[in-house]
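Here is the file data_2.txt (compact mmCIF, C-alpha atoms).
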```txt
# COMPACT_ATOMS: atom_id res chain seq x y z
CA MET E 1 -55.19 -1.66 1.44
CA LYS E 2 -55.55 -0.79 -2.24
CA LYS E 3 -52.73 -0.87 -4.79
CA LEU E 4 -52.69 0.36 -8.38
CA ILE E 5 -50.70 -2.60 -9.73
CA ASN E 6 -51.03 -5.34 -12.33
CA GLY E 7 -49.74 -8.11 -10.10
CA PRO E 8 -47.71 -8.14 -6.89
CA ASN E 9 -44.78 -10.10 -8.29
CA ALA E 10 -44.45 -7.89 -11.37
CA ALA E 11 -44.74 -4.53 -9.65
CA VAL E 12 -41.03 -3.76 -9.20
CA ASP E 13 -39.96 -4.80 -12.70
CA GLU E 14 -42.85 -2.90 -14.29
CA MET E 15 -42.05 0.16 -12.17
CA ILE E 16 -38.48 0.09 -13.49
CA GLU E 17 -39.77 -0.23 -17.06
CA GLY E 18 -41.98 2.80 -16.56
CA TYR E 19 -39.24 4.81 -14.89
CA ALA E 20 -36.73 4.08 -17.66
CA ALA E 21 -39.32 4.90 -20.33
CA ALA E 22 -40.17 8.21 -18.62
CA TYR E 23 -36.58 9.39 -18.22
CA THR E 24 -34.64 8.09 -21.22
CA SER E 25 -32.38 11.14 -21.25
CA TYR E 26 -31.25 10.36 -17.70
CA VAL E 27 -31.21 6.59 -17.24
CA LYS E 28 -31.03 3.24 -18.96
CA VAL E 29 -31.48 -0.34 -17.81
CA LEU E 30 -28.46 -2.54 -18.46
CA PRO E 31 -29.19 -5.33 -20.96
CA LYS E 32 -27.76 -8.13 -18.82
CA ASN E 33 -29.85 -7.37 -15.73
CA LYS E 34 -33.24 -5.66 -15.61
CA ARG E 35 -32.61 -4.56 -12.00
CA ALA E 36 -29.42 -2.66 -12.93
CA ILE E 37 -29.95 1.05 -13.77
CA VAL E 38 -27.25 3.57 -14.73
CA ARG E 39 -26.90 7.05 -16.15
CA SER E 40 -27.62 7.28 -19.86
CA ALA E 41 -24.37 9.13 -20.43
CA PRO E 42 -21.34 7.51 -18.79
CA GLY E 43 -19.20 9.50 -16.40
CA LEU E 44 -15.99 11.11 -17.53
CA PRO E 45 -12.87 8.93 -17.53
CA GLY E 46 -11.20 9.15 -14.13
CA LYS E 47 -14.41 10.02 -12.26
CA VAL E 48 -15.22 8.00 -9.15
CA GLY E 49 -18.32 5.89 -9.69
CA ILE E 50 -21.14 6.46 -7.19
CA ILE E 51 -23.54 3.59 -6.50
CA ILE E 52 -26.42 3.87 -4.05
CA GLY E 53 -29.14 1.32 -3.55
CA GLY E 54 -31.45 -0.79 -1.50
CA GLY E 55 -34.98 -2.09 -1.66
CA SER E 56 -37.84 -0.71 -3.70
CA GLY E 57 -40.65 1.19 -2.05
CA HIS E 58 -38.54 4.15 -0.93
CA GLU E 59 -38.88 6.19 -4.10
CA PRO E 60 -37.50 8.65 -5.07
CA ALA E 61 -34.68 6.83 -3.29
CA PHE E 62 -32.79 5.30 -4.79
CA MET E 63 -33.18 5.19 -8.56
CA GLY E 64 -34.68 8.67 -8.72
CA LEU E 65 -31.29 10.10 -7.74
CA ILE E 66 -29.34 8.87 -10.77
CA GLY E 67 -27.82 11.80 -12.60
CA SER E 68 -25.07 14.40 -12.62
CA GLY E 69 -23.96 15.46 -9.16
CA PHE E 70 -25.57 12.44 -7.55
CA ALA E 71 -25.46 8.71 -8.35
CA ASP E 72 -24.08 6.98 -11.42
CA GLY E 73 -26.03 3.78 -10.90
CA VAL E 74 -28.52 1.93 -8.73
CA PRO E 75 -29.16 -1.79 -8.30
CA VAL E 76 -32.82 -2.28 -7.37
CA GLY E 77 -34.08 -4.82 -4.85
CA ASN E 78 -37.56 -6.13 -4.21
CA VAL E 79 -39.85 -4.10 -1.96
CA PHE E 80 -37.98 -3.41 1.30
CA ALA E 81 -35.35 -6.02 0.36
CA SER E 82 -31.72 -5.70 -0.66
CA PRO E 83 -30.73 -6.13 -4.30
CA PRO E 84 -28.81 -9.37 -4.83
CA PRO E 85 -25.11 -9.30 -5.77
CA ALA E 86 -25.72 -9.80 -9.53
CA PRO E 87 -27.27 -6.39 -10.35
CA ILE E 88 -24.87 -4.67 -7.94
CA LEU E 89 -21.90 -6.16 -9.80
CA GLU E 90 -23.44 -5.31 -13.18
CA VAL E 91 -23.86 -1.66 -12.16
CA THR E 92 -20.33 -1.61 -10.74
CA ARG E 93 -18.84 -2.75 -14.03
CA ALA E 94 -20.85 -0.15 -15.92
CA VAL E 95 -19.95 2.87 -13.79
CA ASP E 96 -16.25 2.12 -13.20
CA GLN E 97 -14.21 4.74 -15.06
CA GLY E 98 -10.86 3.59 -13.74
CA ALA E 99 -10.96 5.61 -10.50
CA GLY E 100 -12.83 3.12 -8.34
CA VAL E 101 -16.39 2.92 -7.11
CA LEU E 102 -18.10 3.95 -3.87
CA TYR E 103 -21.05 1.99 -2.50
CA MET E 104 -23.42 3.87 -0.16
CA TYR E 105 -26.51 2.35 1.40
CA GLY E 106 -28.39 2.06 4.67
CA ASN E 107 -27.01 -0.11 7.45
CA TYR E 108 -29.21 -3.19 7.06
CA ALA E 109 -28.02 -6.79 7.28
CA GLY E 110 -29.21 -7.86 3.83
CA ASP E 111 -27.71 -4.84 2.09
CA CYS E 112 -24.40 -5.27 3.91
CA MET E 113 -24.16 -8.93 2.93
CA ASN E 114 -25.06 -8.50 -0.73
CA PHE E 115 -23.07 -5.33 -1.40
CA ASP E 116 -20.04 -6.87 0.33
CA MET E 117 -20.33 -9.95 -1.90
CA ALA E 118 -20.52 -7.74 -4.97
CA ALA E 119 -17.47 -5.77 -3.81
CA GLU E 120 -15.50 -9.01 -3.46
CA LEU E 121 -16.51 -10.08 -6.96
CA ALA E 122 -15.56 -6.64 -8.33
CA ALA E 123 -12.15 -6.89 -6.66
CA MET E 124 -11.56 -10.12 -8.58
CA GLU E 125 -12.02 -8.02 -11.73
CA ASP E 126 -9.55 -5.39 -10.44
CA ILE E 127 -12.26 -2.83 -9.67
CA ARG E 128 -11.56 -1.05 -6.41
CA VAL E 129 -14.70 -0.63 -4.31
CA GLU E 130 -15.10 1.24 -1.03
CA THR E 131 -18.21 1.31 1.15
CA VAL E 132 -19.81 3.90 3.42
CA LEU E 133 -22.83 2.84 5.46
CA VAL E 134 -25.50 5.41 6.31
CA THR E 135 -26.28 5.33 10.05
CA ASP E 136 -28.32 8.46 10.76
CA ASP E 137 -31.33 7.05 12.65
CA VAL E 138 -30.87 8.06 16.30
CA ALA E 139 -33.84 5.91 17.37
CA SER E 140 -32.24 2.65 16.32
CA ALA E 141 -29.26 2.49 18.71
CA PRO E 142 -27.66 4.62 21.46
CA ALA E 143 -24.83 7.03 20.68
CA ASP E 144 -22.15 4.67 21.98
CA GLN E 145 -23.36 2.07 19.45
CA ALA E 146 -23.79 4.42 16.52
CA ASP E 147 -22.33 1.87 14.10
CA ARG E 148 -25.46 -0.25 14.70
CA ARG E 149 -27.86 2.50 13.65
CA ARG E 150 -30.10 2.20 10.61
CA GLY E 151 -29.83 4.44 7.58
CA ILE E 152 -32.93 6.47 6.73
CA ALA E 153 -33.66 9.88 5.17
CA GLY E 154 -30.30 11.39 6.12
CA GLY E 155 -28.83 9.24 3.39
CA PHE E 156 -30.17 11.76 0.88
CA LEU E 157 -27.60 14.35 2.02
CA VAL E 158 -24.81 11.79 2.42
CA PHE E 159 -25.38 10.76 -1.20
CA LYS E 160 -25.63 14.41 -2.27
CA ALA E 161 -22.32 15.44 -0.72
CA ALA E 162 -20.41 12.40 -1.99
CA GLY E 163 -21.94 12.65 -5.45
CA ALA E 164 -20.94 16.31 -5.68
CA ALA E 165 -17.40 15.48 -4.55
CA ALA E 166 -17.09 12.82 -7.24
CA GLU E 167 -18.45 15.23 -9.86
CA LYS E 168 -15.82 17.78 -8.82
CA GLY E 169 -13.05 15.26 -9.46
CA TYR E 170 -12.18 14.17 -5.92
CA ASN E 171 -10.33 10.85 -5.85
CA LEU E 172 -11.90 7.78 -4.24
CA ASP E 173 -10.26 8.26 -0.85
CA GLU E 174 -11.47 11.85 -0.72
CA VAL E 175 -15.01 10.93 -1.76
CA VAL E 176 -15.05 8.28 0.97
CA ARG E 177 -13.84 10.88 3.48
CA VAL E 178 -16.63 13.27 2.47
CA ALA E 179 -19.28 10.56 2.73
CA ARG E 180 -18.10 9.48 6.17
CA LYS E 181 -17.88 13.04 7.41
CA THR E 182 -21.40 13.77 6.23
CA ASN E 183 -22.74 10.63 7.85
CA ASP E 184 -20.95 11.46 11.10
CA ARG E 185 -22.55 14.91 11.20
CA ILE E 186 -26.17 14.04 10.37
CA ARG E 187 -28.95 12.78 12.61
CA THR E 188 -32.53 11.76 11.78
CA MET E 189 -35.64 11.02 13.83
CA GLY E 190 -39.00 9.94 12.44
CA VAL E 191 -42.62 9.47 13.41
CA ALA E 192 -45.20 7.13 11.91
CA LEU E 193 -48.93 7.86 11.83
CA SER E 194 -50.19 5.00 9.67
CA PRO E 195 -48.75 1.83 8.11
CA CYS E 196 -47.98 0.81 4.57
CA SER E 197 -48.50 -2.56 2.91
CA VAL E 198 -46.16 -4.39 0.55
CA PRO E 199 -47.75 -5.58 -2.72
CA GLN E 200 -47.14 -9.27 -2.01
CA THR E 201 -49.12 -9.30 1.24
CA GLY E 202 -51.60 -6.45 1.08
CA GLN E 203 -51.42 -6.41 4.86
CA PRO E 204 -50.38 -3.46 7.05
CA SER E 205 -46.72 -3.47 8.06
CA PHE E 206 -47.72 -2.55 11.62
CA VAL E 207 -50.88 -1.56 13.45
CA LEU E 208 -51.68 1.80 15.02
CA SER E 209 -55.04 2.93 16.33
CA ASP E 210 -56.62 5.92 14.63
CA ASP E 211 -55.53 8.18 17.49
CA GLU E 212 -52.01 6.77 17.88
CA MET E 213 -48.53 7.56 16.55
CA GLU E 214 -45.11 5.98 17.02
CA ILE E 215 -41.86 7.92 17.44
CA GLY E 216 -38.77 6.35 15.94
CA LEU E 217 -40.46 3.66 13.88
CA GLY E 218 -38.23 2.49 11.01
CA ILE E 219 -38.89 2.87 7.30
CA HIS E 220 -39.65 -0.86 7.00
CA GLY E 221 -41.89 -0.89 10.06
CA GLU E 222 -39.16 -1.64 12.61
CA PRO E 223 -40.27 -0.87 16.19
CA GLY E 224 -39.81 2.68 17.44
CA VAL E 225 -38.99 4.07 20.86
CA GLU E 226 -42.32 5.54 21.97
CA ARG E 227 -45.95 4.86 21.09
CA GLY E 228 -48.73 7.11 22.29
CA LYS E 229 -51.64 9.34 21.43
CA LEU E 230 -51.39 11.58 18.38
CA ARG E 231 -50.03 15.00 19.31
CA THR E 232 -49.93 18.36 17.53
CA ALA E 233 -47.45 19.13 14.77
CA ASP E 234 -45.45 21.38 17.12
CA GLU E 235 -45.32 18.72 19.82
CA VAL E 236 -44.20 16.07 17.35
CA ALA E 237 -41.54 18.36 15.86
CA ASP E 238 -40.28 19.14 19.36
CA SER E 239 -40.07 15.45 20.20
CA LEU E 240 -38.10 14.66 17.05
CA LEU E 241 -35.76 17.63 17.38
CA ASP E 242 -35.15 17.08 21.11
CA ARG E 243 -33.84 13.60 20.41
CA ILE E 244 -31.67 14.86 17.56
CA LEU E 245 -30.16 17.64 19.69
CA GLN E 246 -29.37 15.21 22.50
CA ASP E 247 -27.19 13.37 20.00
CA LEU E 248 -25.93 16.31 17.92
CA PRO E 249 -25.46 19.35 20.17
CA LEU E 250 -25.85 22.64 18.32
CA GLY E 251 -25.32 26.20 19.41
CA SER E 252 -25.05 29.77 18.31
CA GLU E 253 -23.29 30.29 14.97
CA ASP E 254 -23.64 26.65 13.87
CA ARG E 255 -24.88 26.15 10.31
CA VAL E 256 -27.13 23.25 9.36
CA ALA E 257 -29.05 21.72 6.51
CA VAL E 258 -32.51 20.45 7.49
CA VAL E 259 -34.63 17.83 5.76
CA ALA E 260 -38.34 17.46 6.52
CA ASN E 261 -39.07 14.19 4.74
CA GLY E 262 -42.47 12.70 4.02
CA LEU E 263 -42.87 8.93 4.25
CA GLY E 264 -45.26 8.58 1.32
CA ALA E 265 -48.73 9.64 2.48
CA THR E 266 -48.09 12.91 4.32
CA PRO E 267 -49.38 16.11 2.67
CA TYR E 268 -46.97 18.97 2.11
CA MET E 269 -49.15 21.08 4.41
CA GLU E 270 -48.17 18.86 7.33
CA LEU E 271 -44.50 18.74 6.35
CA PHE E 272 -44.37 22.53 6.32
CA LEU E 273 -46.04 22.64 9.73
CA VAL E 274 -43.33 20.38 11.12
CA TYR E 275 -40.57 22.34 9.37
CA ARG E 276 -41.99 25.61 10.73
CA ARG E 277 -41.55 24.43 14.30
CA VAL E 278 -38.07 23.02 13.66
CA ALA E 279 -37.02 26.36 12.17
CA GLN E 280 -38.41 28.23 15.18
CA ARG E 281 -36.57 25.99 17.63
CA LEU E 282 -33.24 26.25 15.80
CA ALA E 283 -33.58 30.03 15.55
CA GLU E 284 -34.05 30.20 19.33
CA LEU E 285 -30.70 28.39 19.68
CA GLY E 286 -29.00 30.80 17.29
CA VAL E 287 -28.52 28.03 14.72
CA HIS E 288 -28.53 29.18 11.09
CA ILE E 289 -30.44 27.01 8.62
CA TYR E 290 -28.20 27.31 5.59
CA ARG E 291 -30.31 25.12 3.33
CA SER E 292 -33.64 23.35 3.77
CA PHE E 293 -35.32 20.46 1.97
CA VAL E 294 -39.05 19.80 2.42
CA GLY E 295 -40.65 16.96 0.50
CA GLU E 296 -40.38 13.25 -0.16
CA TYR E 297 -36.81 11.98 -0.38
CA VAL E 298 -36.89 8.53 1.29
CA THR E 299 -40.41 7.13 1.54
CA SER E 300 -42.01 3.90 2.74
CA LEU E 301 -44.65 3.22 0.10
CA GLU E 302 -47.84 4.85 1.49
CA MET E 303 -46.77 5.13 5.12
CA GLY E 304 -48.10 8.17 6.95
CA GLY E 305 -45.62 10.24 8.91
CA CYS E 306 -42.38 12.10 8.45
CA SER E 307 -38.80 12.41 9.59
CA VAL E 308 -36.52 15.31 10.39
CA SER E 309 -32.82 15.26 9.55
CA VAL E 310 -30.24 17.81 10.67
CA LEU E 311 -26.76 18.01 9.12
CA LYS E 312 -24.13 20.13 10.85
CA LEU E 313 -22.23 21.88 8.08
CA ASP E 314 -18.71 23.12 7.64
CA ASP E 315 -17.46 25.11 4.64
CA GLU E 316 -16.68 22.01 2.58
CA LEU E 317 -20.04 20.35 3.18
CA ALA E 318 -21.93 23.59 2.54
CA GLU E 319 -20.24 23.87 -0.86
CA LEU E 320 -21.02 20.25 -1.73
CA ILE E 321 -24.65 20.45 -0.63
CA ASP E 322 -24.93 23.63 -2.76
CA ALA E 323 -23.37 21.98 -5.84
CA PRO E 324 -25.53 21.49 -8.94
CA ALA E 325 -27.34 18.21 -9.43
CA ASP E 326 -29.70 17.01 -12.13
CA THR E 327 -31.64 13.78 -11.70
CA PRO E 328 -35.17 12.68 -12.66
CA MET E 329 -36.55 13.28 -9.18
CA TYR E 330 -34.26 15.95 -7.77
CA ALA E 331 -32.59 18.92 -9.45
CA GLN E 332 -30.54 21.80 -8.08
CA HIS E 333 -29.02 24.53 -10.22
```
Show how you would write the structure in this file as structure tokens.
Amino acid sequence: MKKLINGPNAAVDEMIEGYAAAYTSYVKVLPKNKRAIVRSAPGLPGKVGIIIGGGSGHEPAFMGLIGSGFADGVPVGNVFASPPPAPILEVTRAVDQGAGVLYMYGNYAGDCMNFDMAAELAAMEDIRVETVLVTDDVASAPADQADRRRGIAGGFLVFKAAGAAAEKGYNLDEVVRVARKTNDRIRTMGVALSPCSVPQTGQPSFVLSDDEMEIGLGIHGEPGVERGKLRTADEVADSLLDRILQDLPLGSEDRVAVVANGLGATPYMELFLVYRRVAQRLAELGVHIYRSFVGEYVTSLEMGGCSVSVLKLDDELAELIDAPADTPMYAQH
């Protein structure tokens, strides 16, 4: 499995150097920690600081979403590994404008441990930190254990809504409420067609035959819920959406935002085929797609496959999802 890198152990740090050099008007790397990235221009005094983060390899998540209307800072971990507490704390100090800081990240053990440690250290410096875990992956736990679910591509809209709320001047408690509400109303289901390989190993993260796919496989290669022969785009879209609708019932007059997310090696042609079928199915139910997102938002290096996320909107969330945002890898005007 080929990689365009200089060396496996330098890949993440050199990626950050290249990213910061490419987008100097948006981001800067903090001098005390080369894994700590923040907005070039600090937020306004009194604005809630928004920190998202996790392992590398999911670009444009997470560092690609630093900018107005989204995140104020991102601590960067190794490939598929949580950032340690030190860069998290460094970013927290940098983005605190006196109104507190919100951490948002996927529900993974390493992230929970390290972000919690950083929050405790920040509290010792009188920085108030709150946390909202993203738990949108319906494949990873049953509905009655939703707090055990992983966070995957639905995090993009959780971050978007909370970032917009902070930009509008909501206080920390209100930003937390928005983030939790968004997370509670979004569901994601994915399918993998081919594996990725991390730079340090060069080995596939899982093995699928050329004619196989796996429904529900996680963005780090975690086992899914169903492995079988490759099916058509419509059949795959139906399978993903059926599982989402079992968990998030929708009916006539409901409004939703839909994300068709590529995992790193899926052509846009295929993403639009999947989205086409999702749109047909929702129209048959009388569900109105208020806003759609088709592209790569949370990837897994060069993994083949995609995920579908559905967010059930209300008036507040529709306004926040519509709000302007300007980041290196996502803009909305």
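Take CA of Leu217 (chain E) and CA of Asn107 (chain E): the distance between them is 15.4 Å.
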CA of Glu120 (chain E) to CA of Arg180 (chain E) measures 21.0 Å
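Distance check against Met104 (chain E) using only C-alpha atoms: of E:Ser309, E:Gln145, E:Thr182, E:Asn171, the minimum falls on E:Thr182.
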Residue neighbourhood Phe206 (chain E), 9 Å, all atoms listed in the file, exclusion window fewer than 6 positions, as a PDB file with C-alpha atoms, in the coordinates of the input:
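Result file result-v8.pdb:
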```pdb
ATOM      1  CA  SER E 194     -50.190   5.000   9.670  1.00  0.00           C
ATOM      2  CA  PRO E 195     -48.750   1.830   8.110  1.00  0.00           C
ATOM      3  CA  CYS E 196     -47.980   0.810   4.570  1.00  0.00           C
ATOM      4  CA  SER E 197     -48.500  -2.560   2.910  1.00  0.00           C
ATOM      5  CA  GLY E 221     -41.890  -0.890  10.060  1.00  0.00           C
ATOM      6  CA  GLU E 222     -39.160  -1.640  12.610  1.00  0.00           C
ATOM      7  CA  PRO E 223     -40.270  -0.870  16.190  1.00  0.00           C
TER       8      PRO E 223
END
```
Give one line per residue of region 297-333 of chain E that approaches region 240-250 of chain E to at most 12 Å, naming the two atoms of the closest pair and their distance in Å to one decimal, counting all atoms listed in the file; sort by chain then ascending residue number and deliver it as a tab-separated table.
```
residue	atom	partner	partner_atom	distance
E:Gly305	CA	E:Leu240	CA	11.9
E:Cys306	CA	E:Leu240	CA	9.9
E:Ser307	CA	E:Leu240	CA	7.8
E:Val308	CA	E:Leu240	CA	6.9
E:Ser309	CA	E:Ile244	CA	8.1
E:Val310	CA	E:Ile244	CA	7.6
E:Leu311	CA	E:Leu248	CA	9.0
E:Lys312	CA	E:Leu250	CA	8.1
E:Leu313	CA	E:Leu250	CA	10.9
```
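Residues lying at most 7 Å from (-24.2, -6.7, -4.4) in file coordinates, with all atoms listed in the file considered, are Pro83, Pro84, Pro85, Ala86, Pro87, Ile88, Leu89, Asn114, Phe115, Asp116, Met117, Ala118 and Ala119 of chain E.
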note - CA of Arg277 (chain E) and CA of Gly224 (chain E) are separated by 22.0 Å
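The nearest approach to Pro8 (chain E) among the residues E:Ile289, E:Asn78, E:Ala146, E:Val225, with all atoms listed in the file taken into account, belongs to E:Asn78.
Residues lying within 9 Å of Asp96 (chain E), counting only C-alpha atoms and ignoring same-chain neighbours fewer than 4 positions away, are Gly43, Pro45, Gly46, Lys47, Val48, Gly49, Ile50, Val91, Thr92, Gly100, Val101, Ile127 and Arg128 of chain E.
With distances restricted to all atoms listed in the file, E:Arg187 is the closest residue to Ala143 (chain E) from E:Asp173, E:Gly64, E:Arg187, E:Ala325.
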If we count only C-alpha atoms and set the cut-off at 12 Å, which residues sit around Gln200 (chain E), ignoring sequence neighbours fewer than 2 positions away in its own chain? Please answer as a PyMOL selection string.
chain E and resi 1-3+5-12+78-80+197-198+202-205
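Between Leu230 (chain E) and the candidates E:Leu193, E:Ala141, E:Ala20, E:Leu44, the tightest atom-to-atom separation, counting all atoms listed in the file, involves E:Leu193.
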With distances taken over all atoms listed in the file, the candidate from E:Leu271, E:Glu17, E:Gly55, E:Val74 nearest Arg39 (chain E) is E:Val74
Among E:Leu263, E:Ala94, E:Leu102, E:Val294, Ile219 (chain E) is approached most closely, using all atoms listed in the file, by E:Leu263
Quiz item: What's the 10 Å shell around Asp254 (chain E), counting all atoms listed in the file, without same-chain residues fewer than 6 positions away, as a PyMOL selection string?
Solution: chain E and resi 282+285-290+312-314
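Within a radius of 12 Å around (-35.3, 22.6, 2.3), the polymer residues are Leu157, Val256, Ala257, Val258, Val259, Ala260, Asn261, Leu271, Phe272, Tyr275, Arg276, Val278, Ala279, Ile289, Tyr290, Arg291, Ser292, Phe293, Val294, Gly295, Glu296, Tyr297, Val308, Ser309, Val310, Leu311, Ile321, Asp322 and Gln332 of chain E, counting all atoms listed in the file.
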Which residues are near Pro328 (chain E)? Cut-off 9 Å, all atoms listed in the file, ignore same chain within fewer than 4 positions. Put them as a PyMOL selection string. chain E and resi 22-23+26-27+60+63-67
Some atoms are absent from region 72-80 of chain E, so rebuild all heavy atoms and return them as a PDB file, in the frame of the given file.
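Dumped everything to selection.pdb:
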```pdb
ATOM      1  N   ASP E  72     -24.319   7.473 -10.065  1.00  0.00           N
ATOM      2  CA  ASP E  72     -24.080   6.980 -11.420  1.00  0.00           C
ATOM      3  C   ASP E  72     -24.888   5.730 -11.721  1.00  0.00           C
ATOM      4  O   ASP E  72     -25.151   5.424 -12.885  1.00  0.00           O
ATOM      5  CB  ASP E  72     -22.597   6.663 -11.619  1.00  0.00           C
ATOM      6  CG  ASP E  72     -21.737   7.911 -11.531  1.00  0.00           C
ATOM      7  OD1 ASP E  72     -21.887   8.789 -12.389  1.00  0.00           O
ATOM      8  OD2 ASP E  72     -20.922   8.007 -10.598  1.00  0.00           O
ATOM      9  N   GLY E  73     -25.269   4.993 -10.682  1.00  0.00           N
ATOM     10  CA  GLY E  73     -26.030   3.780 -10.900  1.00  0.00           C
ATOM     11  C   GLY E  73     -26.697   3.284  -9.643  1.00  0.00           C
ATOM     12  O   GLY E  73     -26.274   3.621  -8.527  1.00  0.00           O
ATOM     13  N   VAL E  74     -27.747   2.490  -9.842  1.00  0.00           N
ATOM     14  CA  VAL E  74     -28.520   1.930  -8.730  1.00  0.00           C
ATOM     15  C   VAL E  74     -28.925   0.503  -9.058  1.00  0.00           C
ATOM     16  O   VAL E  74     -29.586   0.270 -10.079  1.00  0.00           O
ATOM     17  CB  VAL E  74     -29.786   2.775  -8.457  1.00  0.00           C
ATOM     18  CG1 VAL E  74     -30.727   2.050  -7.494  1.00  0.00           C
ATOM     19  CG2 VAL E  74     -29.418   4.150  -7.897  1.00  0.00           C
ATOM     20  N   PRO E  75     -28.563  -0.459  -8.222  1.00  0.00           N
ATOM     21  CA  PRO E  75     -29.160  -1.790  -8.300  1.00  0.00           C
ATOM     22  C   PRO E  75     -30.444  -1.785  -7.468  1.00  0.00           C
ATOM     23  O   PRO E  75     -30.476  -1.241  -6.368  1.00  0.00           O
ATOM     24  CB  PRO E  75     -28.095  -2.689  -7.667  1.00  0.00           C
ATOM     25  CG  PRO E  75     -27.361  -1.791  -6.716  1.00  0.00           C
ATOM     26  CD  PRO E  75     -27.480  -0.384  -7.227  1.00  0.00           C
ATOM     27  N   VAL E  76     -31.492  -2.374  -7.993  1.00  0.00           N
ATOM     28  CA  VAL E  76     -32.820  -2.280  -7.370  1.00  0.00           C
ATOM     29  C   VAL E  76     -33.217  -3.624  -6.772  1.00  0.00           C
ATOM     30  O   VAL E  76     -33.199  -4.653  -7.453  1.00  0.00           O
ATOM     31  CB  VAL E  76     -33.874  -1.828  -8.393  1.00  0.00           C
ATOM     32  CG1 VAL E  76     -35.243  -1.715  -7.741  1.00  0.00           C
ATOM     33  CG2 VAL E  76     -33.468  -0.493  -9.018  1.00  0.00           C
ATOM     34  N   GLY E  77     -33.602  -3.612  -5.508  1.00  0.00           N
ATOM     35  CA  GLY E  77     -34.080  -4.820  -4.850  1.00  0.00           C
ATOM     36  C   GLY E  77     -35.598  -4.907  -4.886  1.00  0.00           C
ATOM     37  O   GLY E  77     -36.295  -4.006  -5.358  1.00  0.00           O
ATOM     38  N   ASN E  78     -36.120  -6.012  -4.394  1.00  0.00           N
ATOM     39  CA  ASN E  78     -37.560  -6.130  -4.210  1.00  0.00           C
ATOM     40  C   ASN E  78     -38.022  -5.131  -3.148  1.00  0.00           C
ATOM     41  O   ASN E  78     -37.214  -4.446  -2.529  1.00  0.00           O
ATOM     42  CB  ASN E  78     -37.932  -7.557  -3.809  1.00  0.00           C
ATOM     43  CG  ASN E  78     -37.814  -8.528  -4.965  1.00  0.00           C
ATOM     44  OD1 ASN E  78     -38.045  -8.167  -6.117  1.00  0.00           O
ATOM     45  ND2 ASN E  78     -37.455  -9.772  -4.666  1.00  0.00           N
ATOM     46  N   VAL E  79     -39.315  -5.070  -2.912  1.00  0.00           N
ATOM     47  CA  VAL E  79     -39.850  -4.100  -1.960  1.00  0.00           C
ATOM     48  C   VAL E  79     -39.258  -4.377  -0.568  1.00  0.00           C
ATOM     49  O   VAL E  79     -39.381  -5.485  -0.027  1.00  0.00           O
ATOM     50  CB  VAL E  79     -41.372  -4.160  -1.913  1.00  0.00           C
ATOM     51  CG1 VAL E  79     -41.914  -3.235  -0.828  1.00  0.00           C
ATOM     52  CG2 VAL E  79     -41.958  -3.774  -3.269  1.00  0.00           C
ATOM     53  N   PHE E  80     -38.589  -3.358  -0.028  1.00  0.00           N
ATOM     54  CA  PHE E  80     -37.980  -3.410   1.300  1.00  0.00           C
ATOM     55  C   PHE E  80     -36.961  -4.541   1.429  1.00  0.00           C
ATOM     56  O   PHE E  80     -36.736  -5.063   2.533  1.00  0.00           O
ATOM     57  CB  PHE E  80     -39.045  -3.546   2.395  1.00  0.00           C
ATOM     58  CG  PHE E  80     -39.981  -2.375   2.510  1.00  0.00           C
ATOM     59  CD1 PHE E  80     -41.082  -2.448   3.343  1.00  0.00           C
ATOM     60  CD2 PHE E  80     -39.785  -1.203   1.797  1.00  0.00           C
ATOM     61  CE1 PHE E  80     -41.968  -1.382   3.475  1.00  0.00           C
ATOM     62  CE2 PHE E  80     -40.660  -0.127   1.902  1.00  0.00           C
ATOM     63  CZ  PHE E  80     -41.745  -0.220   2.754  1.00  0.00           C
TER      64      PHE E  80
END
```
